[in-house]
Amino acid sequence: MAAYGLYTHIQSNRRRSIALLIGLFFLVYVMVFAGALAVETMGGDASLRWLLQHAWSDTIKAAPFATVGTAIWIWIAYKFNQSLVDMVTGAREVTRQEEPRLYNLLENLCISRGIPMPKLQIMETGALNAFASGMNEKQYSVTVTSGLLQALDDAEIEAVLGHELTHIRNGDVRMLVIAVIIAGVISFFAEMFFRMFFYSRGSRSSGDSDRGKGGAGFAIVIAIALIAVAWFLSVVIRFSLSRKREFLADAGSVELTKNPDAMISALRKIENRGELEVATSGVMEMCIDNPREGFQDIFATHPSVDKRVDALVRYAGGHDTGPLAVPQYDDTNRPESEPDDTSSKAPQDAGPAGPYGPASGGGKPFLPARPPIELGVPTAGTSPGAAPSADPGPWGPHGGSR
């Protein structure tokens, strides 16, 4: 069904996400079948038909255990995922008293749309990035880096917060965490089966006269192919969940703030400056930007900033200013051997003289050397024949009373 408007796109995207997650769960059973097939081949040669039948029977027997094991894995991640994220990133929760500027911006956005206030956290790093995490309203949190607070103005920070709140409103955070969990289960099974096959190969006797021969080689190829395909599809599905949602989160931010230009300028400042060195790939997938270049872009979890900005220009009426410089970030990351341009320049001459003398330099406000009238001081030239004042005001000699 075609989707028109932001909310129908969100609903359509949710349905697709649920279908993709069901597909991810199905891949777990594919992995179990592939593992059972690999185990059957360890018992000795047999016909391909015999191996497939017994592998299917083993899969049916193992399916309840795989289901329970995956459910336990998901429950553990559900309960402790936020603690694990905080432990990896080192983020700390802040209050209104500690960060009034940031706290008020987030609170105003939540009040305007009736959204429960998530926890607000700061990660101490010069990188420019932000992410939302958590599985339910008690866990939801929005984390921003200290570098982001220094580099962005209030309107841009508000746009970033709106982007992360949209991820929470749309259920993106929960879906992405579940996808990462199930993909982790599949990766774990894949590594376990490969290790079991290559390092624990053996033979076992069987009294089944219907075993036949000549199918073990084909069975191994099928098992390895199923494991590889399941792993590859889990990665592709994970990335598709994230890539599609970034456009919706950008649009949701514009809906909250009514300021597409702030979202565009924020993205331009964050562009290629968001790499979190201590974060895992799972955490980077939750960030507002996960930079990848060249061949790595094939496996990128986020669309490029250029594509996101283009969408905001075309559909939200924003204006693209192009790449923006961020002095705070660039100065922090300048090599020590590189000289500072500002320190090597000679002091600039004063600007052109104005009506009150030379223009002041260094960004200081203009103040005249003396006020035009000094109260309580007799003014020369107040009577006929008196000498004119030696200290004329800005509009000429001080005149006397008439």
# chains A, B, ... in the order shown; residues from 1 in each chain; ligands from 1
>>> residues_around(residues="range 99-108 of chain A", least_positions_apart="2", cutoff="8 Å", atoms="only C-alpha atoms", output="PyMOL selection string")
chain A and resi 94-97+110-112+117+120+154+157-158+161-162
>>> residues_around(residues="Gly90 in chain A", least_positions_apart="3", cutoff="12 Å", atoms="only C-alpha atoms", output="tab-separated table (two decimals) with C-alpha atoms, in the first residue's frame")
chain	number	residue	atom	x	y	z
A	82	GLN	CA	21.24	0.49	28.57
A	83	SER	CA	23.74	-0.39	31.27
A	84	LEU	CA	25.97	-2.02	28.68
A	85	VAL	CA	25.77	1.01	26.39
A	86	ASP	CA	26.64	3.36	29.26
A	87	MET	CA	29.55	1.15	30.27
A	93	GLU	CA	23.34	11.34	33.29
A	121	GLN	CA	23.26	12.00	29.15
A	122	ILE	CA	26.57	13.51	28.06
A	123	MET	CA	29.53	11.61	26.67
A	124	GLU	CA	32.87	13.36	27.18
A	125	THR	CA	34.52	13.38	23.75
A	143	THR	CA	23.06	11.02	24.76
A	144	VAL	CA	25.01	13.90	23.21
A	145	THR	CA	28.74	14.43	23.11
A	276	LEU	CA	33.33	7.57	18.56
A	277	GLU	CA	36.58	5.70	19.17
A	278	VAL	CA	35.36	3.79	22.25
A	279	ALA	CA	31.96	2.83	20.80
>>> atom_distance(atom1="CA of Met31 in chain A", atom2="CA of Gln53 in chain A")
16.0 Å
>>> closest_residue(among="A:Leu48, A:Leu109, A:Val28, A:Ala38", to="Ala63 in chain A", atoms="only C-alpha atoms")
A:Val28
>>> residues_around(residues="Gln150 in chain A", least_positions_apart="2", cutoff="10 Å", atoms="only C-alpha atoms", output="PDB file with N, CA, C and O atoms, in the first residue's frame")
ATOM      1  N   GLY A 126      35.462  14.838  22.071  1.00  0.00           N
ATOM      2  CA  GLY A 126      35.436  15.946  21.130  1.00  0.00           C
ATOM      3  C   GLY A 126      34.665  15.646  19.857  1.00  0.00           C
ATOM      4  O   GLY A 126      34.404  16.554  19.063  1.00  0.00           O
ATOM      5  N   LEU A 128      31.566  14.856  17.308  1.00  0.00           N
ATOM      6  CA  LEU A 128      30.253  15.483  17.196  1.00  0.00           C
ATOM      7  C   LEU A 128      29.233  14.403  16.850  1.00  0.00           C
ATOM      8  O   LEU A 128      29.170  13.943  15.704  1.00  0.00           O
ATOM      9  N   THR A 145      27.333  14.276  22.756  1.00  0.00           N
ATOM     10  CA  THR A 145      28.744  14.429  23.106  1.00  0.00           C
ATOM     11  C   THR A 145      29.029  15.859  23.542  1.00  0.00           C
ATOM     12  O   THR A 145      28.335  16.803  23.142  1.00  0.00           O
ATOM     13  N   SER A 146      30.055  16.028  24.357  1.00  0.00           N
ATOM     14  CA  SER A 146      30.442  17.368  24.791  1.00  0.00           C
ATOM     15  C   SER A 146      30.922  18.208  23.617  1.00  0.00           C
ATOM     16  O   SER A 146      30.727  19.428  23.589  1.00  0.00           O
ATOM     17  N   GLY A 147      31.542  17.563  22.617  1.00  0.00           N
ATOM     18  CA  GLY A 147      31.957  18.303  21.428  1.00  0.00           C
ATOM     19  C   GLY A 147      30.788  18.871  20.667  1.00  0.00           C
ATOM     20  O   GLY A 147      30.868  19.973  20.098  1.00  0.00           O
ATOM     21  N   LEU A 148      29.666  18.147  20.632  1.00  0.00           N
ATOM     22  CA  LEU A 148      28.473  18.633  19.947  1.00  0.00           C
ATOM     23  C   LEU A 148      27.939  19.881  20.627  1.00  0.00           C
ATOM     24  O   LEU A 148      27.531  20.841  19.953  1.00  0.00           O
ATOM     25  N   LEU A 152      27.652  23.357  18.182  1.00  0.00           N
ATOM     26  CA  LEU A 152      26.349  23.690  17.630  1.00  0.00           C
ATOM     27  C   LEU A 152      25.665  24.764  18.460  1.00  0.00           C
ATOM     28  O   LEU A 152      25.841  24.836  19.690  1.00  0.00           O
ATOM     29  N   ASP A 153      24.875  25.600  17.786  1.00  0.00           N
ATOM     30  CA  ASP A 153      24.096  26.598  18.507  1.00  0.00           C
ATOM     31  C   ASP A 153      22.785  25.968  18.991  1.00  0.00           C
ATOM     32  O   ASP A 153      22.508  24.793  18.747  1.00  0.00           O
ATOM     33  N   ILE A 157      21.222  22.269  18.068  1.00  0.00           N
ATOM     34  CA  ILE A 157      21.103  21.243  19.103  1.00  0.00           C
ATOM     35  C   ILE A 157      19.650  20.795  19.240  1.00  0.00           C
ATOM     36  O   ILE A 157      19.353  19.606  19.405  1.00  0.00           O
ATOM     37  N   VAL A 326      34.045  23.765  11.524  1.00  0.00           N
ATOM     38  CA  VAL A 326      33.776  23.719  12.963  1.00  0.00           C
ATOM     39  C   VAL A 326      35.089  24.017  13.680  1.00  0.00           C
ATOM     40  O   VAL A 326      35.915  23.125  13.881  1.00  0.00           O
ATOM     41  N   PRO A 327      35.336  25.274  14.050  1.00  0.00           N
ATOM     42  CA  PRO A 327      36.630  25.635  14.643  1.00  0.00           C
ATOM     43  C   PRO A 327      36.961  24.824  15.889  1.00  0.00           C
ATOM     44  O   PRO A 327      38.105  24.418  16.084  1.00  0.00           O
ATOM     45  N   GLN A 328      35.961  24.572  16.747  1.00  0.00           N
ATOM     46  CA  GLN A 328      36.250  23.831  17.984  1.00  0.00           C
ATOM     47  C   GLN A 328      36.800  22.448  17.673  1.00  0.00           C
ATOM     48  O   GLN A 328      37.765  21.999  18.275  1.00  0.00           O
ATOM     49  N   TYR A 329      36.170  21.759  16.734  1.00  0.00           N
ATOM     50  CA  TYR A 329      36.605  20.408  16.394  1.00  0.00           C
ATOM     51  C   TYR A 329      37.921  20.435  15.635  1.00  0.00           C
ATOM     52  O   TYR A 329      38.840  19.675  15.926  1.00  0.00           O
TER      53      TYR A 329
END
>>> closest_residue(among="A:Ile22, A:Ala151, A:Leu248, A:Ile178", to="Gly274 in chain A", atoms="only C-alpha atoms")
A:Ala151
>>> select_by_dssp(residues="range 98-190 of chain A", states="strand (DSSP E)", output="list in words")
Lys119, Leu120, Gln121, Ile122, Met123, Ala130, Phe131, Ala132, Ser133, Ser141, Val142, Thr143, Val144 and Thr145 of chain A
>>> closest_residue(among="A:Ala159, A:Ile220, A:Ala228, A:Leu233", to="Ile264 in chain A", atoms="only C-alpha atoms")
A:Ala159
>>> residues_around(residues="range 310-318 of chain A", least_positions_apart="2", cutoff="10 Å", atoms="only C-alpha atoms", output="PyMOL selection string")
chain A and resi 247+250-251+254-255+258-265+304-308+320-321
>>> residues_around(residues="Tyr29 in chain A", least_positions_apart="5", cutoff="9 Å", atoms="only C-alpha atoms", output="list in words")
Ala34, Thr59, Ala63, Ala66 and Thr67 of chain A
